[in-house]
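Beneath this line is the structure, given in C-alpha cells, with notes to follow.
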Amino acid sequence: MQILLINRNCVVAFALSLAALVSGAAGAFGHPVPKRAHDRTIELRLLPGAGSDQGLLQVRYRLEVDEFTVVFDDLPALGDKLDLKKFREPREFYDAYVANYAPILADNLRAKLDGQPVSFAVRSATHTLRDERDMPLGHLRCDFVFEGPCHFTPESREHRLTFREGNFEFEEGRILLSLTRTPEVVYEAVVEPDQALKEKARVDLKPGDEARLRIVEASFRLERLPRRLLLA
C-alpha cells in the first residue's frame, strides 16, 4: 500500500473538517457509505440524433465514497499524477478526485451498438458533500455525465445494445444500474438488474450476481416521433 505524505497542517485541517461534518450528519438524508466502498448509481440512456443513423449513448453516473477513502486510498493510487502535499483544503482533494477519476471511470464503461464499440467522453463532473435539501451527506457524492456517439446500422430495423460497468472490480460497493427509457426508442427486449437483485446485501450475492449487476443488454427499434411530441 502506498503511504500518503502530506503536511501536518493539512491533516489537521482535513480532520477538523470531517469532524464538523460528522457532527451535523445525524439528520442527513444520504445513505451511509462504508470506508473503502464505492457506491454507484448508473442510468443509461439512448438518445437518437437528428440523422436516421446517428445517436448518443449517455451515462449518468453517481459515485458515493467515504472522504477518508478518497484522500488516503484513491488519490494516492494515482501515483505521480498528483502532488498531494501541495493541497491545503478538503475541496482541493475533491476537485482533484473528480478531475482525475472521471476519465478513468469513463474508460471502464464497455458498450457496443450493433456490434460496434462506443467510446465515452466526460461531459460533466461535479462533487458535493450535501444533498438536495442542503443537508450533510456524511460522504462525498460525485456526479458524472459520460457520452459516446453511436451509429445505427442503416439496413437494420432492429438494433442491439450491450453495456457493462467495469469500475472498482473486486471492491466493495453497491451497484444500481438501470436503463432509462427515452422517446423514439421502442425496446423489444431488455436484460437489466432487477430491483430484488439490486437490494441484496453483498454478503448475500450468489455466484454470477455481481456480473448481472453490471450488465444491460437490449434489442430495440427506432420510431421517429413528430417534433411537437418530442417538445411536449
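Each chain of the C-alpha cells is named A, B, ... in the order shown, its residues numbered from 1; ligands are numbered from 1 in display order.
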Each residue of stretch 137-182 of chain A with at least one atom at most 12 Å from stretch 31-41 of chain A should appear once, together with its nearest atom pair and the corresponding distance in Å (one decimal); atoms considered: only C-alpha atoms; ordering: chain, then increasing residue number; output as a tab-separated table.
residue	atom	partner	partner_atom	distance
A:Leu137	CA	A:His31	CA	7.4
A:Gly138	CA	A:Pro32	CA	7.0
A:His139	CA	A:Val33	CA	6.9
A:Leu140	CA	A:Val33	CA	9.2
A:Arg141	CA	A:Asp39	CA	9.5
A:Cys142	CA	A:Arg40	CA	9.5
A:Asp143	CA	A:Thr41	CA	9.5
A:Phe144	CA	A:Thr41	CA	10.5
A:Val145	CA	A:Thr41	CA	11.9
A:Glu165	CA	A:Arg40	CA	9.9
A:Gly166	CA	A:Arg40	CA	11.4
A:Asn167	CA	A:His38	CA	9.3
A:Phe168	CA	A:His38	CA	7.4
A:Glu169	CA	A:His38	CA	10.3
A:Phe170	CA	A:Ala37	CA	10.6
A:Glu171	CA	A:Ala37	CA	6.9
A:Glu172	CA	A:Ala37	CA	4.6
A:Gly173	CA	A:His38	CA	4.5
A:Arg174	CA	A:Asp39	CA	4.7
A:Ile175	CA	A:Arg40	CA	5.0
A:Leu176	CA	A:Thr41	CA	4.6
A:Leu177	CA	A:Thr41	CA	6.0
A:Ser178	CA	A:Thr41	CA	8.4
A:Leu179	CA	A:Thr41	CA	11.3
Could you please take those selected residues and save C-alpha atoms as a CSV table (one decimal), in the first residue's frame?
chain,number,residue,atom,x,y,z
A,137,LEU,CA,-24.5,13.5,3.3
A,138,GLY,CA,-21.7,12.2,5.6
A,139,HIS,CA,-19.6,11.3,2.5
A,140,LEU,CA,-18.6,12.7,-0.9
A,141,ARG,CA,-21.1,12.5,-3.8
A,142,CYS,CA,-19.7,12.8,-7.3
A,143,ASP,CA,-21.9,13.2,-10.3
A,144,PHE,CA,-20.6,12.5,-13.8
A,145,VAL,CA,-22.2,12.6,-17.2
A,165,GLU,CA,-19.9,-1.2,-15.9
A,166,GLY,CA,-16.3,-2.2,-15.2
A,167,ASN,CA,-15.1,0.1,-12.4
A,168,PHE,CA,-13.9,-1.0,-8.9
A,169,GLU,CA,-13.7,-4.7,-9.8
A,170,PHE,CA,-13.4,-6.9,-6.7
A,171,GLU,CA,-14.0,-4.0,-4.4
A,172,GLU,CA,-16.9,-3.3,-2.0
A,173,GLY,CA,-19.8,-1.1,-3.1
A,174,ARG,CA,-23.3,-1.3,-4.3
A,175,ILE,CA,-24.2,-1.0,-8.0
A,176,LEU,CA,-27.6,0.3,-9.0
A,177,LEU,CA,-27.6,0.1,-12.8
A,178,SER,CA,-30.7,0.8,-14.9
A,179,LEU,CA,-31.8,1.6,-18.5
Where in chain A does DSSP assign helix (DSSP H, G or I), given as a VMD selection string?
chain A and resid 8 to 23 25 to 27 67 to 74 76 to 81 84 to 86 90 to 107 195 to 198 202 to 204 209 to 213 227 to 230
May I have the residues within 8 Å of stretch 91-96 of chain A as a ChimeraX atom specification, using only C-alpha atoms and disregarding those fewer than 5 positions away in the same chain?
/A:70-71,84,127
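Taking atom CA of A:Ala125 as the reference point, atom CA of A:Ala201 is found at 28.5 Å.
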